[in-house]
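One file, input.cif, is given below (mmCIF, C-alpha atoms).
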data_protein
loop_
_atom_site.label_atom_id
_atom_site.label_comp_id
_atom_site.auth_asym_id
_atom_site.auth_seq_id
_atom_site.Cartn_x
_atom_site.Cartn_y
_atom_site.Cartn_z
CA MET A 1 -78.68 196.51 136.08
CA PRO A 2 -80.41 195.00 139.12
CA TYR A 3 -79.35 196.40 142.48
CA THR A 4 -79.73 193.06 144.23
CA GLN A 5 -77.47 190.02 144.09
CA ALA A 6 -80.50 187.73 143.92
CA LEU A 7 -81.03 188.85 140.28
CA ALA A 8 -77.43 188.18 139.25
CA LYS A 9 -78.58 185.81 136.48
CA LEU A 10 -81.23 188.17 135.09
CA ALA A 11 -78.92 189.85 132.56
CA PRO A 12 -77.70 186.56 131.01
CA HIS A 13 -81.31 185.40 130.78
CA ILE A 14 -82.35 188.59 128.96
CA GLN A 15 -79.35 188.15 126.67
CA GLN A 16 -80.67 184.77 125.61
CA VAL A 17 -84.29 185.94 125.31
CA ALA A 18 -83.60 189.06 123.25
CA MET A 19 -80.49 188.33 121.25
CA GLU A 20 -81.39 184.80 120.23
CA SER A 21 -84.99 185.72 119.39
CA ASN A 22 -84.51 188.94 117.41
CA GLY A 23 -80.97 188.64 116.07
CA LYS A 24 -82.20 188.27 112.47
CA GLY A 25 -81.34 189.73 109.08
CA VAL A 26 -84.45 188.67 107.14
CA SER A 27 -88.15 189.15 107.73
CA ILE A 28 -90.63 186.39 108.57
CA ASP A 29 -91.30 185.89 104.83
CA GLY A 30 -87.58 185.59 104.01
CA GLN A 31 -86.94 189.10 102.64
CA PRO A 32 -83.69 190.89 103.58
CA LEU A 33 -84.34 193.70 106.04
CA PRO A 34 -83.20 197.24 105.14
CA TYR A 35 -82.45 198.01 108.81
CA ASP A 36 -80.61 196.47 111.72
CA THR A 37 -82.57 194.43 114.24
CA GLY A 38 -81.90 193.05 117.68
CA GLU A 39 -80.02 194.58 120.56
CA ILE A 40 -76.89 193.86 122.56
CA ASP A 41 -77.82 193.11 126.15
CA PHE A 42 -75.39 192.91 129.05
CA GLY A 43 -75.40 193.75 132.72
CA GLU A 44 -74.15 193.06 136.21
CA PRO A 45 -75.81 193.42 139.60
CA GLY A 46 -75.29 196.58 141.64
CA THR A 47 -71.85 197.97 142.21
CA ASN A 48 -70.21 195.17 140.20
CA GLY A 49 -71.39 196.92 137.05
CA GLN A 50 -70.30 200.32 138.36
CA HIS A 51 -66.70 199.12 138.46
CA SER A 52 -66.78 197.40 135.07
CA PHE A 53 -68.79 199.17 132.33
CA TYR A 54 -70.45 202.23 133.90
CA GLN A 55 -67.55 204.36 132.68
CA LEU A 56 -68.65 203.54 129.13
CA ILE A 57 -72.30 204.42 129.68
CA HIS A 58 -71.47 207.69 131.49
CA GLN A 59 -68.79 209.13 129.20
CA GLY A 60 -68.57 206.79 126.21
CA ARG A 61 -71.18 205.86 123.65
CA THR A 62 -74.85 206.29 124.46
CA ILE A 63 -76.31 203.03 125.84
CA PRO A 64 -79.89 202.87 127.19
CA CYS A 65 -79.91 201.37 130.67
CA ASP A 66 -82.49 199.65 132.85
CA PHE A 67 -81.97 200.04 136.61
CA ILE A 68 -83.92 197.65 138.83
CA GLY A 69 -84.26 198.48 142.51
CA ILE A 70 -85.94 196.71 145.42
CA ILE A 71 -87.69 198.73 148.14
CA LYS A 72 -87.72 196.02 150.80
CA SER A 73 -84.54 194.01 151.11
CA GLN A 74 -84.62 190.25 151.53
CA GLN A 75 -81.93 190.46 154.20
CA SER A 76 -80.52 193.82 155.21
CA VAL A 77 -77.13 193.85 156.93
CA TYR A 78 -76.14 196.59 159.37
CA LEU A 79 -72.44 196.93 160.06
CA LYS A 80 -71.16 198.26 163.34
CA GLY A 81 -70.83 202.02 163.23
CA GLU A 82 -72.90 202.42 160.04
CA ILE A 83 -76.17 204.35 160.18
CA VAL A 84 -77.62 202.68 157.08
CA SER A 85 -77.78 199.07 155.92
CA ASN A 86 -75.98 197.64 152.92
CA HIS A 87 -79.26 197.63 151.03
CA ASP A 88 -79.80 201.33 151.73
CA GLU A 89 -76.35 202.08 150.31
CA LEU A 90 -77.21 200.06 147.19
CA MET A 91 -80.41 202.04 146.74
CA CYS A 92 -78.50 205.31 147.10
CA ASN A 93 -76.35 204.19 144.18
CA PHE A 94 -79.49 203.12 142.31
CA PHE A 95 -80.93 206.65 142.41
CA ALA A 96 -77.58 208.42 141.95
CA GLN A 97 -76.55 206.57 138.79
CA ALA A 98 -79.82 207.37 137.00
CA ASP A 99 -79.51 211.04 138.03
CA ALA A 100 -75.91 211.20 136.81
CA LEU A 101 -76.90 209.81 133.41
CA ALA A 102 -79.80 212.24 133.05
CA VAL A 103 -78.28 215.44 134.44
CA GLY A 104 -74.53 215.01 134.02
CA LYS A 105 -72.10 217.72 135.11
CA THR A 106 -70.92 220.77 133.18
CA ALA A 107 -67.59 222.56 133.19
CA VAL A 108 -69.21 225.57 134.91
CA GLN A 109 -70.36 223.36 137.77
CA LEU A 110 -66.90 221.86 138.12
CA ARG A 111 -65.24 225.28 138.30
CA SER A 112 -67.73 226.49 140.89
CA GLU A 113 -67.17 223.53 143.19
CA VAL A 114 -64.79 223.78 146.11
CA SER A 115 -63.33 220.59 147.52
CA PHE A 116 -62.24 220.25 151.12
CA PHE A 117 -59.14 218.14 151.61
CA LEU A 118 -58.08 216.97 155.05
CA PHE A 119 -54.34 216.64 155.39
CA THR A 120 -51.91 216.28 158.24
CA TYR A 121 -48.42 217.32 159.06
CA SER A 122 -46.16 216.84 162.07
CA PHE A 123 -43.51 218.93 163.73
CA TYR A 124 -41.05 218.65 166.62
CA PHE A 125 -41.15 220.80 169.71
CA ARG A 126 -37.92 222.52 170.60
CA ILE A 127 -38.00 220.86 174.00
CA GLY A 128 -38.02 217.10 173.81
CA ASN A 129 -38.68 214.73 170.92
CA ARG A 130 -42.49 214.67 171.15
CA THR A 131 -44.31 214.73 167.80
CA ASP A 132 -47.75 216.32 167.49
CA VAL A 133 -50.07 215.68 164.54
CA VAL A 134 -52.06 218.67 163.31
CA PHE A 135 -55.14 218.31 161.07
CA CYS A 136 -55.83 221.10 158.60
CA LEU A 137 -58.41 221.85 155.90
CA ARG A 138 -57.35 223.06 152.48
CA LEU A 139 -59.65 224.43 149.78
CA GLN A 140 -59.04 223.33 146.21
CA ASN A 141 -60.91 223.87 142.93
CA CYS A 142 -60.89 221.38 140.06
CA PRO A 143 -57.77 221.97 137.94
CA ASP A 144 -58.43 223.15 134.39
CA SER A 145 -56.52 220.15 133.03
CA LEU A 146 -59.12 217.79 134.57
CA ILE A 147 -62.22 219.71 133.46
CA PRO A 148 -62.67 217.77 130.16
CA HIS A 149 -62.16 214.44 131.94
CA LYS A 150 -64.65 215.14 134.73
CA THR A 151 -67.38 216.64 132.52
CA PHE A 152 -70.51 214.53 131.97
CA THR A 153 -72.76 215.35 129.02
CA GLY A 154 -75.92 213.96 130.65
CA ASN A 155 -79.11 213.50 128.61
CA ARG A 156 -78.45 209.75 128.47
CA PRO A 157 -81.53 207.48 128.49
CA SER A 158 -82.26 205.14 131.36
CA LEU A 159 -85.28 203.40 132.87
CA SER A 160 -85.69 202.94 136.62
CA ILE A 161 -87.89 200.04 137.76
CA MET A 162 -88.84 199.83 141.43
CA LEU A 163 -90.17 196.62 142.94
CA PRO A 164 -91.83 196.62 146.37
CA ALA A 165 -90.07 193.35 147.23
CA LEU A 166 -88.30 190.54 145.44
CA ASN A 167 -90.41 187.40 145.40
CA ALA A 168 -91.78 184.92 142.87
CA TYR A 169 -94.57 187.28 141.80
CA THR A 170 -92.42 190.37 141.18
CA THR A 171 -89.71 188.27 139.52
CA GLY A 172 -92.36 186.96 137.14
CA GLN A 173 -93.44 190.54 136.44
CA ILE A 174 -89.88 191.50 135.49
CA LEU A 175 -89.54 188.49 133.19
CA ALA A 176 -92.92 189.25 131.60
CA ILE A 177 -91.87 192.85 130.88
CA TYR A 178 -88.77 191.80 128.96
CA GLU A 179 -90.40 188.88 127.16
CA HIS A 180 -93.28 191.14 126.10
CA ARG A 181 -90.79 193.70 124.84
CA VAL A 182 -88.93 191.10 122.79
CA ALA A 183 -92.13 189.79 121.21
CA THR A 184 -93.35 193.32 120.43
CA GLN A 185 -90.03 194.21 118.81
CA GLY A 186 -90.31 191.09 116.66
CA PHE A 187 -93.82 192.05 115.54
CA ILE A 188 -92.73 195.61 114.67
CA TRP A 189 -89.63 194.49 112.78
CA GLY A 190 -91.55 191.74 110.99
CA LEU A 191 -89.40 188.91 112.39
CA ASN A 192 -90.00 185.36 113.40
CA SER A 193 -88.77 185.62 116.97
CA PHE A 194 -89.24 181.91 117.59
CA ASP A 195 -86.53 180.34 115.45
CA GLN A 196 -82.76 180.30 115.86
CA TRP A 197 -81.25 179.25 112.54
CA GLY A 198 -78.11 181.23 113.26
CA VAL A 199 -77.30 178.78 116.03
CA GLU A 200 -77.76 175.77 113.75
CA LEU A 201 -74.92 176.70 111.38
CA GLY A 202 -72.37 176.63 114.17
CA LYS A 203 -73.63 173.23 115.31
CA VAL A 204 -73.36 171.83 111.76
CA LEU A 205 -69.84 173.18 111.33
CA ALA A 206 -68.89 171.84 114.75
CA SER A 207 -70.08 168.36 113.71
CA LYS A 208 -68.05 168.59 110.49
CA VAL A 209 -65.00 169.67 112.43
CA SER A 210 -65.59 166.76 114.77
CA LEU A 211 -65.88 164.30 111.88
CA PHE A 212 -62.76 165.76 110.30
CA GLY A 213 -60.96 165.36 113.59
CA TYR A 214 -62.07 161.74 113.88
CA PHE A 215 -60.89 161.13 110.31
CA TRP A 216 -57.42 162.46 111.09
CA LEU A 217 -57.38 160.47 114.32
CA PHE A 218 -58.18 157.36 112.31
CA LEU A 219 -55.38 158.14 109.87
CA VAL A 220 -52.92 158.69 112.70
CA ILE A 221 -53.91 155.45 114.40
CA PHE A 222 -53.84 153.60 111.08
CA GLY A 223 -50.40 155.04 110.30
CA TYR A 224 -49.01 154.06 113.68
CA PHE A 225 -50.48 150.60 113.18
CA TRP A 226 -48.66 150.12 109.88
CA LEU A 227 -45.48 151.56 111.37
CA PHE A 228 -45.77 149.02 114.16
CA LEU A 229 -46.26 146.24 111.61
CA VAL A 230 -43.19 147.35 109.63
CA ILE A 231 -41.01 147.53 112.72
CA PHE A 232 -42.38 144.22 113.98
CA GLY A 233 -41.78 142.65 110.53
CA TYR A 234 -38.20 143.92 110.41
CA PHE A 235 -37.61 142.53 113.88
CA TRP A 236 -38.83 139.05 112.92
CA LEU A 237 -36.91 139.17 109.63
CA PHE A 238 -33.74 140.08 111.50
CA LEU A 239 -34.42 137.27 113.99
CA VAL A 240 -35.00 134.68 111.25
CA ILE A 241 -31.85 135.76 109.36
CA SER A 242 -29.81 135.54 112.56
CA VAL A 243 -31.11 132.00 113.26
CA PHE A 244 -30.30 130.83 109.72
CA GLN A 245 -26.83 132.36 109.94
CA SER A 246 -26.21 130.54 113.20
CA LEU A 247 -27.40 127.22 111.71
CA TYR A 248 -25.29 127.74 108.60
CA ARG A 249 -22.17 128.32 110.66
CA GLN A 250 -22.82 125.17 112.69
CA PHE A 251 -23.15 122.95 109.61
CA ASP A 252 -20.39 124.64 107.62
#
Final structure tokens representation of the file:
Amino acid sequence: MPYTQALAKLAPHIQQVAMESNGKGVSIDGQPLPYDTGEIDFGEPGTNGQHSFYQLIHQGRTIPCDFIGIIKSQQSVYLKGEIVSNHDELMCNFFAQADALAVGKTAVQLRSEVSFFLFTYSFYFRIGNRTDVVFCLRLQNCPDSLIPHKTFTGNRPSLSIMLPALNAYTTGQILAIYEHRVATQGFIWGLNSFDQWGVELGKVLASKVSLFGYFWLFLVIFGYFWLFLVIFGYFWLFLVISVFQSLYRQFD
């Protein structure tokens, strides 16, 4: 999960590198493997992933995560009234998500927390119709019914990678890390990481489906052609019979 939009295509690239290279069921010498190989890779940059699949990695099944952060932004944006840039906010999320996966939150911590809620109410003075708005603070603990839903187990694996800046050199380093990992996994599992026979079957079947489709298209065209000939023949037969009937009536 890269916390920079410039690496938006990194996850699809790693998908292709890892899943196409090591998605095998037999070893390099053709023997069936007694264990599963390969991995399922997916990801999204920054907060896009937080609002799509982070719920799964925090409270669902255990999924190892790689967080990639950039120290120096390519182009920081400061909004009016904000004390930090958009990149600083991204990096805050970068550190917080890894901490949340590692530490989590227990039911004891939830019960000990006190939340401050700011609410308003209005009232009418006895004299006149003026309305005043009053701001109040209310203390509230987490309800017991929400404790199971807001508990995080923690102890979930993640890797945080920090780059000093995003440029051609550091991008190459990131690519080299993942390509090296894929090759090493292939060596350990005894795979040939440099063939993709699983892709070939789909291509062959697609060509057969295409040929089958062309065959049916030919039959349809051929059938319409003969239907046209039959209709055209009946038309000329009807025309010839009508002409002979007219001639017969004239000479009768």
Can you pull out every residue within 9 Å of Ala165 (chain A), counting only C-alpha atoms, but drop anything in the same chain fewer than 2 positions away, and send it as a PyMOL selection string? chain A and resi 70-74+162-163+167+170
Contacts of Pro143 (chain A) at 12 Å or less, counting all atoms listed in the file, minus same-chain residues fewer than 4 places along, as a PyMOL selection string? chain A and resi 107+110-115+147-150
Can you pull out every residue within 7 Å of Pro2 (chain A), counting only C-alpha atoms, but drop anything in the same chain fewer than 4 positions away, and send it as number ranges by chain? A: 7, 45-46, 67-69
Translate the PyMOL selection byres ((chain A and resi 18-29) around 10) into a concrete residue list for this structure, as a ChimeraX atom specification. /A:13-17,30-41,178-179,181-183,185-187,189-199
Counting all atoms listed in the file, the option among A:Leu159, A:Ile63, A:Leu201, A:Val209 closest to Asp99 (chain A):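 Between A:Leu159, A:Ile63, A:Leu201, A:Val209, the residue approaching Asp99 (chain A) most closely is A:Leu159.
One distance worth recording is that between CA of Gly104 (chain A) and CA of Gln5 (chain A), which is 27.1 Å.
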A:Leu175, A:Asn141, A:Thr153, A:His87: which is nearest Ala11 (chain A), counting all atoms listed in the file?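 Residue with the minimum atom-to-atom distance to Ala11 (chain A): A:Leu175.
Atom pair CA of Val204 (chain A) / CA of Leu219 (chain A): separated by 22.7 Å.
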Figure out the distance between CA of Pro12 (chain A) and CA of Ile174 (chain A), please, to one decimal in Å.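 Between CA of Ile174 (chain A) and CA of Pro12 (chain A) the gap works out to 13.9 Å.
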Neighbours of Asn93 (chain A) within 10 Å (only C-alpha atoms; same-chain residues fewer than 2 positions away dropped), as a PyMOL selection string? chain A and resi 3+46-47+50+69+87-91+95-99
Between A:Gln55, A:Gln109, A:Pro164, A:Ala6, which is the closest to Cys142 (chain A) once you count all atoms listed in the file?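 The answer is A:Gln109, which sits nearest to Cys142 (chain A).
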Nearest residue to Ile177 (chain A) out of A:Phe244, A:Ile161, A:Gly202, A:Cys92, using all atoms listed in the file? A:Ile161
